[in-house]
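One file, query.pdb, carrying PDB, C-alpha atoms:
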ATOM      1  CA  MET F   1     -34.285  24.162  13.312  1.00  0.00           C
ATOM      2  CA  ASP F   2     -34.908  22.597  16.721  1.00  0.00           C
ATOM      3  CA  LYS F   3     -33.326  25.677  18.313  1.00  0.00           C
ATOM      4  CA  VAL F   4     -35.470  28.197  16.417  1.00  0.00           C
ATOM      5  CA  ASP F   5     -38.703  29.319  18.042  1.00  0.00           C
ATOM      6  CA  PRO F   6     -41.788  29.185  15.824  1.00  0.00           C
ATOM      7  CA  PRO F   7     -43.214  32.535  14.742  1.00  0.00           C
ATOM      8  CA  LYS F   8     -45.777  34.143  17.021  1.00  0.00           C
ATOM      9  CA  ILE F   9     -49.182  34.319  15.417  1.00  0.00           C
ATOM     10  CA  PRO F  10     -51.467  37.018  16.831  1.00  0.00           C
ATOM     11  CA  ASP F  11     -54.812  35.854  18.210  1.00  0.00           C
ATOM     12  CA  ALA F  12     -56.786  38.767  16.783  1.00  0.00           C
ATOM     13  CA  ILE F  13     -56.974  40.095  13.242  1.00  0.00           C
ATOM     14  CA  GLN F  14     -55.230  43.452  13.032  1.00  0.00           C
ATOM     15  CA  ALA F  15     -57.465  46.434  12.375  1.00  0.00           C
ATOM     16  CA  TYR F  16     -58.113  47.581   8.835  1.00  0.00           C
ATOM     17  CA  TYR F  17     -60.375  50.116   7.176  1.00  0.00           C
ATOM     18  CA  LEU F  18     -63.516  49.350   5.245  1.00  0.00           C
ATOM     19  CA  PRO F  19     -64.522  51.289   2.126  1.00  0.00           C
ATOM     20  CA  HIS F  20     -67.287  53.039   4.077  1.00  0.00           C
ATOM     21  CA  ASP F  21     -64.733  54.466   6.546  1.00  0.00           C
ATOM     22  CA  VAL F  22     -62.696  55.923   3.723  1.00  0.00           C
ATOM     23  CA  GLU F  23     -65.741  57.315   1.906  1.00  0.00           C
ATOM     24  CA  VAL F  24     -66.843  59.088   5.083  1.00  0.00           C
ATOM     25  CA  MET F  25     -63.357  60.506   5.508  1.00  0.00           C
ATOM     26  CA  VAL F  26     -62.930  61.749   1.934  1.00  0.00           C
ATOM     27  CA  ASN F  27     -66.458  63.182   1.832  1.00  0.00           C
ATOM     28  CA  ALA F  28     -65.628  65.182   4.984  1.00  0.00           C
ATOM     29  CA  ILE F  29     -62.901  67.095   3.083  1.00  0.00           C
ATOM     30  CA  ASP F  30     -64.189  70.340   1.554  1.00  0.00           C
ATOM     31  CA  LEU F  31     -61.598  70.574  -1.291  1.00  0.00           C
ATOM     32  CA  LEU F  32     -61.253  74.337  -0.834  1.00  0.00           C
ATOM     33  CA  THR F  33     -57.464  74.562  -0.682  1.00  0.00           C
ATOM     34  CA  PRO F  34     -54.534  72.813  -2.358  1.00  0.00           C
ATOM     35  CA  HIS F  35     -53.892  71.003   0.961  1.00  0.00           C
ATOM     36  CA  ASP F  36     -57.486  69.732   1.011  1.00  0.00           C
ATOM     37  CA  ASN F  37     -57.090  68.412  -2.525  1.00  0.00           C
ATOM     38  CA  ARG F  38     -53.716  66.891  -1.657  1.00  0.00           C
ATOM     39  CA  ASP F  39     -55.137  65.147   1.405  1.00  0.00           C
ATOM     40  CA  ALA F  40     -58.105  63.728  -0.526  1.00  0.00           C
ATOM     41  CA  ALA F  41     -55.775  62.479  -3.274  1.00  0.00           C
ATOM     42  CA  ILE F  42     -53.350  60.973  -0.747  1.00  0.00           C
ATOM     43  CA  ILE F  43     -56.141  59.147   1.040  1.00  0.00           C
ATOM     44  CA  MET F  44     -57.696  57.830  -2.155  1.00  0.00           C
ATOM     45  CA  VAL F  45     -54.394  56.584  -3.586  1.00  0.00           C
ATOM     46  CA  LEU F  46     -53.279  55.108  -0.270  1.00  0.00           C
ATOM     47  CA  PHE F  47     -56.448  53.049   0.005  1.00  0.00           C
ATOM     48  CA  ASP F  48     -56.662  52.314  -3.703  1.00  0.00           C
ATOM     49  CA  THR F  49     -53.165  50.844  -4.051  1.00  0.00           C
ATOM     50  CA  GLY F  50     -52.206  49.236  -0.745  1.00  0.00           C
ATOM     51  CA  VAL F  51     -48.719  50.778  -0.878  1.00  0.00           C
ATOM     52  CA  ARG F  52     -46.604  51.228   2.230  1.00  0.00           C
ATOM     53  CA  ALA F  53     -46.455  54.702   3.792  1.00  0.00           C
ATOM     54  CA  ALA F  54     -42.830  55.192   2.690  1.00  0.00           C
ATOM     55  CA  GLU F  55     -43.668  54.099  -0.869  1.00  0.00           C
ATOM     56  CA  HIS F  56     -46.538  56.561  -0.909  1.00  0.00           C
ATOM     57  CA  CYS F  57     -44.415  59.461   0.320  1.00  0.00           C
ATOM     58  CA  GLY F  58     -41.695  58.609  -2.205  1.00  0.00           C
ATOM     59  CA  MET F  59     -43.929  58.868  -5.272  1.00  0.00           C
ATOM     60  CA  LYS F  60     -42.519  61.015  -8.080  1.00  0.00           C
ATOM     61  CA  VAL F  61     -44.445  62.761 -10.829  1.00  0.00           C
ATOM     62  CA  GLU F  62     -42.220  61.273 -13.553  1.00  0.00           C
ATOM     63  CA  ASN F  63     -43.281  57.774 -12.455  1.00  0.00           C
ATOM     64  CA  LEU F  64     -46.991  58.408 -13.040  1.00  0.00           C
ATOM     65  CA  ASN F  65     -48.441  56.716 -16.096  1.00  0.00           C
ATOM     66  CA  TRP F  66     -51.684  58.582 -16.736  1.00  0.00           C
ATOM     67  CA  GLU F  67     -52.890  56.335 -19.555  1.00  0.00           C
ATOM     68  CA  GLU F  68     -52.498  53.112 -17.603  1.00  0.00           C
ATOM     69  CA  GLY F  69     -53.450  54.581 -14.227  1.00  0.00           C
ATOM     70  CA  THR F  70     -50.264  53.275 -12.636  1.00  0.00           C
ATOM     71  CA  ILE F  71     -47.262  54.582 -10.759  1.00  0.00           C
ATOM     72  CA  LEU F  72     -43.826  53.096 -10.268  1.00  0.00           C
ATOM     73  CA  VAL F  73     -43.076  52.884  -6.539  1.00  0.00           C
ATOM     74  CA  THR F  74     -39.868  52.010  -4.750  1.00  0.00           C
ATOM     75  CA  GLY F  75     -40.318  49.730  -1.751  1.00  0.00           C
ATOM     76  CA  LYS F  76     -38.192  47.846   0.697  1.00  0.00           C
ATOM     77  CA  ALA F  77     -34.638  47.072  -0.401  1.00  0.00           C
ATOM     78  CA  ASP F  78     -35.135  49.539  -3.291  1.00  0.00           C
ATOM     79  CA  LYS F  79     -37.361  47.068  -5.148  1.00  0.00           C
ATOM     80  CA  GLN F  80     -39.562  48.772  -7.708  1.00  0.00           C
ATOM     81  CA  ARG F  81     -43.002  47.778  -8.911  1.00  0.00           C
ATOM     82  CA  ARG F  82     -45.956  49.334 -10.704  1.00  0.00           C
ATOM     83  CA  VAL F  83     -49.208  49.722  -8.797  1.00  0.00           C
ATOM     84  CA  SER F  84     -52.576  50.530 -10.308  1.00  0.00           C
ATOM     85  CA  PHE F  85     -55.232  52.918  -9.107  1.00  0.00           C
ATOM     86  CA  GLY F  86     -58.704  53.723 -10.293  1.00  0.00           C
ATOM     87  CA  GLN F  87     -59.899  56.510 -12.574  1.00  0.00           C
ATOM     88  CA  GLN F  88     -61.250  58.622  -9.726  1.00  0.00           C
ATOM     89  CA  SER F  89     -57.849  58.539  -8.038  1.00  0.00           C
ATOM     90  CA  VAL F  90     -56.213  59.548 -11.334  1.00  0.00           C
ATOM     91  CA  GLN F  91     -58.581  62.534 -11.594  1.00  0.00           C
ATOM     92  CA  THR F  92     -57.977  63.544  -7.974  1.00  0.00           C
ATOM     93  CA  ILE F  93     -54.170  63.431  -8.368  1.00  0.00           C
ATOM     94  CA  ASP F  94     -54.402  65.409 -11.601  1.00  0.00           C
ATOM     95  CA  ARG F  95     -56.557  68.079  -9.965  1.00  0.00           C
ATOM     96  CA  TYR F  96     -54.149  68.356  -7.010  1.00  0.00           C
ATOM     97  CA  LEU F  97     -51.086  68.657  -9.240  1.00  0.00           C
ATOM     98  CA  LYS F  98     -52.744  71.409 -11.288  1.00  0.00           C
ATOM     99  CA  ILE F  99     -53.834  73.542  -8.339  1.00  0.00           C
ATOM    100  CA  ARG F 100     -50.701  73.202  -6.223  1.00  0.00           C
ATOM    101  CA  MET F 101     -48.777  75.373  -8.716  1.00  0.00           C
ATOM    102  CA  ASN F 102     -45.397  73.797  -8.047  1.00  0.00           C
ATOM    103  CA  GLU F 103     -43.196  71.898 -10.480  1.00  0.00           C
ATOM    104  CA  SER F 104     -41.623  69.627  -7.867  1.00  0.00           C
ATOM    105  CA  ASP F 105     -40.460  66.133  -8.804  1.00  0.00           C
ATOM    106  CA  TRP F 106     -42.406  64.769  -5.824  1.00  0.00           C
ATOM    107  CA  VAL F 107     -46.127  64.030  -6.071  1.00  0.00           C
ATOM    108  CA  TRP F 108     -46.966  64.827  -2.437  1.00  0.00           C
ATOM    109  CA  LEU F 109     -45.682  68.093  -0.989  1.00  0.00           C
ATOM    110  CA  ALA F 110     -45.834  69.207   2.626  1.00  0.00           C
ATOM    111  CA  SER F 111     -45.069  72.611   4.094  1.00  0.00           C
ATOM    112  CA  ALA F 112     -42.393  74.705   2.397  1.00  0.00           C
ATOM    113  CA  ASN F 113     -42.843  72.530  -0.730  1.00  0.00           C
ATOM    114  CA  LYS F 114     -40.788  69.708   0.745  1.00  0.00           C
ATOM    115  CA  PRO F 115     -41.641  66.060   0.054  1.00  0.00           C
ATOM    116  CA  PHE F 116     -44.200  64.559   2.409  1.00  0.00           C
ATOM    117  CA  ALA F 117     -42.569  62.473   5.164  1.00  0.00           C
ATOM    118  CA  VAL F 118     -44.032  59.302   6.682  1.00  0.00           C
ATOM    119  CA  ASN F 119     -44.581  61.033  10.013  1.00  0.00           C
ATOM    120  CA  GLY F 120     -46.366  63.893   8.246  1.00  0.00           C
ATOM    121  CA  LEU F 121     -48.558  61.342   6.479  1.00  0.00           C
ATOM    122  CA  ARG F 122     -49.532  59.770   9.802  1.00  0.00           C
ATOM    123  CA  MET F 123     -50.283  63.159  11.345  1.00  0.00           C
ATOM    124  CA  MET F 124     -52.430  64.207   8.381  1.00  0.00           C
ATOM    125  CA  LEU F 125     -54.332  60.911   8.409  1.00  0.00           C
ATOM    126  CA  ARG F 126     -54.977  61.171  12.146  1.00  0.00           C
ATOM    127  CA  ARG F 127     -56.221  64.759  11.723  1.00  0.00           C
ATOM    128  CA  ARG F 128     -58.504  63.829   8.809  1.00  0.00           C
ATOM    129  CA  PHE F 129     -59.866  60.717  10.529  1.00  0.00           C
ATOM    130  CA  ASP F 130     -60.601  62.695  13.705  1.00  0.00           C
ATOM    131  CA  ALA F 131     -62.351  65.429  11.716  1.00  0.00           C
ATOM    132  CA  ALA F 132     -64.515  62.821   9.973  1.00  0.00           C
ATOM    133  CA  GLY F 133     -65.349  61.028  13.213  1.00  0.00           C
ATOM    134  CA  VAL F 134     -63.695  57.779  12.087  1.00  0.00           C
ATOM    135  CA  LYS F 135     -61.379  55.964  14.501  1.00  0.00           C
ATOM    136  CA  PHE F 136     -57.759  56.214  13.345  1.00  0.00           C
ATOM    137  CA  GLN F 137     -56.066  52.795  13.351  1.00  0.00           C
ATOM    138  CA  SER F 138     -52.746  53.435  11.606  1.00  0.00           C
ATOM    139  CA  ALA F 139     -51.404  54.304   8.192  1.00  0.00           C
ATOM    140  CA  HIS F 140     -50.729  50.603   7.674  1.00  0.00           C
ATOM    141  CA  ALA F 141     -54.414  49.732   8.225  1.00  0.00           C
ATOM    142  CA  SER F 142     -55.094  50.853   4.656  1.00  0.00           C
ATOM    143  CA  ARG F 143     -52.592  48.263   3.422  1.00  0.00           C
ATOM    144  CA  ARG F 144     -54.351  45.574   5.443  1.00  0.00           C
ATOM    145  CA  GLY F 145     -57.714  46.710   4.015  1.00  0.00           C
ATOM    146  CA  PHE F 146     -56.279  46.411   0.518  1.00  0.00           C
ATOM    147  CA  ARG F 147     -54.944  42.942   1.319  1.00  0.00           C
ATOM    148  CA  HIS F 148     -58.350  41.840   2.599  1.00  0.00           C
ATOM    149  CA  GLY F 149     -59.875  42.907  -0.700  1.00  0.00           C
ATOM    150  CA  ALA F 150     -61.672  45.944   0.691  1.00  0.00           C
ATOM    151  CA  PHE F 151     -60.044  48.277  -1.835  1.00  0.00           C
ATOM    152  CA  GLY F 152     -57.860  48.095  -4.878  1.00  0.00           C
ATOM    153  CA  CYS F 153     -58.927  50.089  -7.929  1.00  0.00           C
ATOM    154  CA  ARG F 154     -62.562  49.826  -6.940  1.00  0.00           C
ATOM    155  CA  TRP F 155     -62.781  53.278  -5.400  1.00  0.00           C
ATOM    156  CA  THR F 156     -66.320  54.602  -5.350  1.00  0.00           C
ATOM    157  CA  GLY F 157     -65.978  57.335  -2.750  1.00  0.00           C
ATOM    158  CA  GLY F 158     -66.432  61.067  -3.091  1.00  0.00           C
ATOM    159  CA  GLY F 159     -63.779  63.692  -3.089  1.00  0.00           C
ATOM    160  CA  SER F 160     -64.283  65.050  -6.568  1.00  0.00           C
TER     161      SER F 160
END
Please express what this file holds, its structure, as structure tokens.
Amino acid sequence: MDKVDPPKIPDAIQAYYLPHDVEVMVNAIDLLTPHDNRDAAIIMVLFDTGVRAAEHCGMKVENLNWEEGTILVTGKADKQRRVSFGQQSVQTIDRYLKIRMNESDWVWLASANKPFAVNGLRMMLRRRFDAAGVKFQSAHASRRGFRHGAFGCRWTGGGS
């Protein structure tokens, strides 16, 4: 162990989103199109669960448990776990799935009805944050917000 350098600890706390930031962002979405509904649902679930971007994009409809308000996600090293989300997120996902009119196995669909990719998620988040006038930090900032206790099945924002 004498030859191993200690880990570097950053001096500053990495940026994360507060509930107000997310509420402003979701309330800025008009919910006129299936993409608007998808984006609102993505944002709410992302901030409600603290999942990684890849876990979020890999969500499948068959893994949703509507009664419990949970979804089975597959993370790093193919480890699976159930994550919970609040009732408003459940309602927003349900509304999106009904209006998208596609029977895909994937929860989140991008253009040409293909599964949402991590890069597409980042681009959508940046676009939505810019439109709402909220500084975009990163997709991972929602995970840090969840970890700091800012979110996690306590969603009170708009979007419905």
### Query
Could you pull the residues within 12 Å of range 71-79 of chain F, counting only C-alpha atoms, minus those fewer than 3 positions along the same chain, as a ChimeraX atom specification?
/F:45,48-68,82-86,89-90,93,106-107
Would you compute an axis-aligned box for range 128-135 of chain F, covering every atom listed for it in the file with 3 Å of margin on each side, and report centre and edge lengths in Å to one decimal as AutoDock Vina command-line options?
--center_x -61.9 --center_y 60.7 --center_z 11.7 --size_x 12.8 --size_y 15.5 --size_z 11.7
### Query
Nearest to Ala41 in chain F: which of F:Arg95, F:Asp105, F:Arg81, F:Thr70 is it, counting only C-alpha atoms?
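For Ala41 in chain F, the nearest of the candidates is F:Arg95.
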### Query
What is the CA of Ala139 in chain F to CA of Leu32 in chain F distance in Å?
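Going from CA of Ala139 in chain F over to CA of Leu32 in chain F covers 24.1 Å.
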### Message
Report as a ChimeraX atom specification all protein, DNA and RNA residues lying within 12 Å of Asp30 in chain F, evaluated on only C-alpha atoms, omitting residues in the same chain fewer than 3 positions from it.
### Response
/F:25-27,33-40,128,131-132,158-160
### Query
What is the distance, in Å and to one decimal place, between CA of Met123 in chain F and CA of Asp11 in chain F?
28.5 Å
### CA of Met124 in chain F to CA of Pro10 in chain F, distance in Å rounded to a single decimal
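CA of Met124 in chain F sits 28.5 Å away from CA of Pro10 in chain F.
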### Task
Identify which of the residues F:Leu31, F:Val22, F:Ala15, F:Ile9 lies closest to Val134 in chain F, counting all atoms listed in the file when measuring atom-to-atom distances.
F:Val22
### 10 Å contact set for Asp21 in chain F, only C-alpha atoms, chain neighbours under 2 positions out, as number ranges by chain
F: 16-19, 23-26, 129, 132-136, 157
### Summary
Restricting to only C-alpha atoms, whichever of F:Lys98, F:Lys114, F:Arg122, F:Lys3 is closest to Ile43 in chain F is F:Arg122
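Compared by their closest atoms to Phe47 in chain F, and using only C-alpha atoms, the residues F:His20, F:Lys8, F:Ile29, F:Asn102 rank with F:His20 nearest.
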### Message
Taking all atoms listed in the file into account, name the residue in F:Ile42, F:Pro7, F:Leu121, F:Ala28 that is nearest to Leu97 in chain F.
### Response
F:Ile42
Would you mind completing range 59-86 of chain F to N, CA and C atoms and writing the output as an mmCIF file, in the coordinates of the input?
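Below you can see result07.cif, which holds the result:
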data_model
loop_
_atom_site.group_PDB
_atom_site.id
_atom_site.type_symbol
_atom_site.label_atom_id
_atom_site.label_comp_id
_atom_site.auth_asym_id
_atom_site.auth_seq_id
_atom_site.Cartn_x
_atom_site.Cartn_y
_atom_site.Cartn_z
ATOM 1 N N MET F 59 -43.432 58.830 -3.893
ATOM 2 C CA MET F 59 -43.929 58.868 -5.272
ATOM 3 C C MET F 59 -43.427 60.106 -6.000
ATOM 4 N N LYS F 60 -42.989 59.906 -7.251
ATOM 5 C CA LYS F 60 -42.519 61.015 -8.080
ATOM 6 C C LYS F 60 -43.422 61.182 -9.289
ATOM 7 N N VAL F 61 -43.570 62.432 -9.709
ATOM 8 C CA VAL F 61 -44.445 62.761 -10.829
ATOM 9 C C VAL F 61 -44.018 62.019 -12.090
ATOM 10 N N GLU F 62 -42.720 61.928 -12.333
ATOM 11 C CA GLU F 62 -42.220 61.273 -13.553
ATOM 12 C C GLU F 62 -42.589 59.796 -13.625
ATOM 13 N N ASN F 63 -42.940 59.199 -12.491
ATOM 14 C CA ASN F 63 -43.281 57.774 -12.455
ATOM 15 C C ASN F 63 -44.773 57.499 -12.631
ATOM 16 N N LEU F 64 -45.567 58.573 -12.784
ATOM 17 C CA LEU F 64 -46.991 58.408 -13.040
ATOM 18 C C LEU F 64 -47.217 58.050 -14.504
ATOM 19 N N ASN F 65 -48.032 57.053 -14.741
ATOM 20 C CA ASN F 65 -48.441 56.716 -16.096
ATOM 21 C C ASN F 65 -49.939 56.980 -16.162
ATOM 22 N N TRP F 66 -50.296 58.136 -16.729
ATOM 23 C CA TRP F 66 -51.684 58.582 -16.736
ATOM 24 C C TRP F 66 -52.571 57.673 -17.563
ATOM 25 N N GLU F 67 -52.070 57.173 -18.676
ATOM 26 C CA GLU F 67 -52.890 56.335 -19.555
ATOM 27 C C GLU F 67 -53.245 55.004 -18.898
ATOM 28 N N GLU F 68 -52.277 54.411 -18.242
ATOM 29 C CA GLU F 68 -52.498 53.112 -17.603
ATOM 30 C C GLU F 68 -53.091 53.236 -16.207
ATOM 31 N N GLY F 69 -53.004 54.424 -15.607
ATOM 32 C CA GLY F 69 -53.450 54.581 -14.227
ATOM 33 C C GLY F 69 -52.554 53.830 -13.263
ATOM 34 N N THR F 70 -51.230 53.963 -13.489
ATOM 35 C CA THR F 70 -50.264 53.275 -12.636
ATOM 36 C C THR F 70 -49.181 54.254 -12.199
ATOM 37 N N ILE F 71 -48.453 53.843 -11.180
ATOM 38 C CA ILE F 71 -47.262 54.582 -10.759
ATOM 39 C C ILE F 71 -46.205 53.584 -10.327
ATOM 40 N N LEU F 72 -44.968 53.902 -10.670
ATOM 41 C CA LEU F 72 -43.826 53.096 -10.268
ATOM 42 C C LEU F 72 -43.447 53.525 -8.855
ATOM 43 N N VAL F 73 -43.454 52.574 -7.916
ATOM 44 C CA VAL F 73 -43.076 52.884 -6.539
ATOM 45 C C VAL F 73 -41.831 52.104 -6.170
ATOM 46 N N THR F 74 -41.072 52.663 -5.247
ATOM 47 C CA THR F 74 -39.868 52.010 -4.750
ATOM 48 C C THR F 74 -40.135 51.581 -3.317
ATOM 49 N N GLY F 75 -40.006 50.285 -3.061
ATOM 50 C CA GLY F 75 -40.318 49.730 -1.751
ATOM 51 C C GLY F 75 -39.076 49.328 -0.985
ATOM 52 N N LYS F 76 -39.281 48.348 -0.135
ATOM 53 C CA LYS F 76 -38.192 47.846 0.697
ATOM 54 C C LYS F 76 -37.055 47.322 -0.178
ATOM 55 N N ALA F 77 -35.846 47.518 0.297
ATOM 56 C CA ALA F 77 -34.638 47.072 -0.401
ATOM 57 C C ALA F 77 -34.568 47.644 -1.815
ATOM 58 N N ASP F 78 -35.144 48.841 -2.003
ATOM 59 C CA ASP F 78 -35.135 49.539 -3.291
ATOM 60 C C ASP F 78 -35.753 48.739 -4.436
ATOM 61 N N LYS F 79 -36.659 47.820 -4.104
ATOM 62 C CA LYS F 79 -37.361 47.068 -5.148
ATOM 63 C C LYS F 79 -38.459 47.956 -5.726
ATOM 64 N N GLN F 80 -38.556 47.959 -7.045
ATOM 65 C CA GLN F 80 -39.562 48.772 -7.708
ATOM 66 C C GLN F 80 -40.659 47.890 -8.281
ATOM 67 N N ARG F 81 -41.872 48.457 -8.291
ATOM 68 C CA ARG F 81 -43.002 47.778 -8.911
ATOM 69 C C ARG F 81 -44.027 48.822 -9.325
ATOM 70 N N ARG F 82 -44.868 48.459 -10.269
ATOM 71 C CA ARG F 82 -45.956 49.334 -10.704
ATOM 72 C C ARG F 82 -47.211 48.956 -9.940
ATOM 73 N N VAL F 83 -47.923 49.956 -9.452
ATOM 74 C CA VAL F 83 -49.208 49.722 -8.797
ATOM 75 C C VAL F 83 -50.275 50.488 -9.565
ATOM 76 N N SER F 84 -51.458 49.930 -9.580
ATOM 77 C CA SER F 84 -52.576 50.530 -10.308
ATOM 78 C C SER F 84 -53.514 51.239 -9.348
ATOM 79 N N PHE F 85 -54.169 52.269 -9.861
ATOM 80 C CA PHE F 85 -55.232 52.918 -9.107
ATOM 81 C C PHE F 85 -56.341 53.298 -10.061
ATOM 82 N N GLY F 86 -57.521 53.495 -9.492
ATOM 83 C CA GLY F 86 -58.704 53.723 -10.293
ATOM 84 C C GLY F 86 -58.779 55.107 -10.921
#
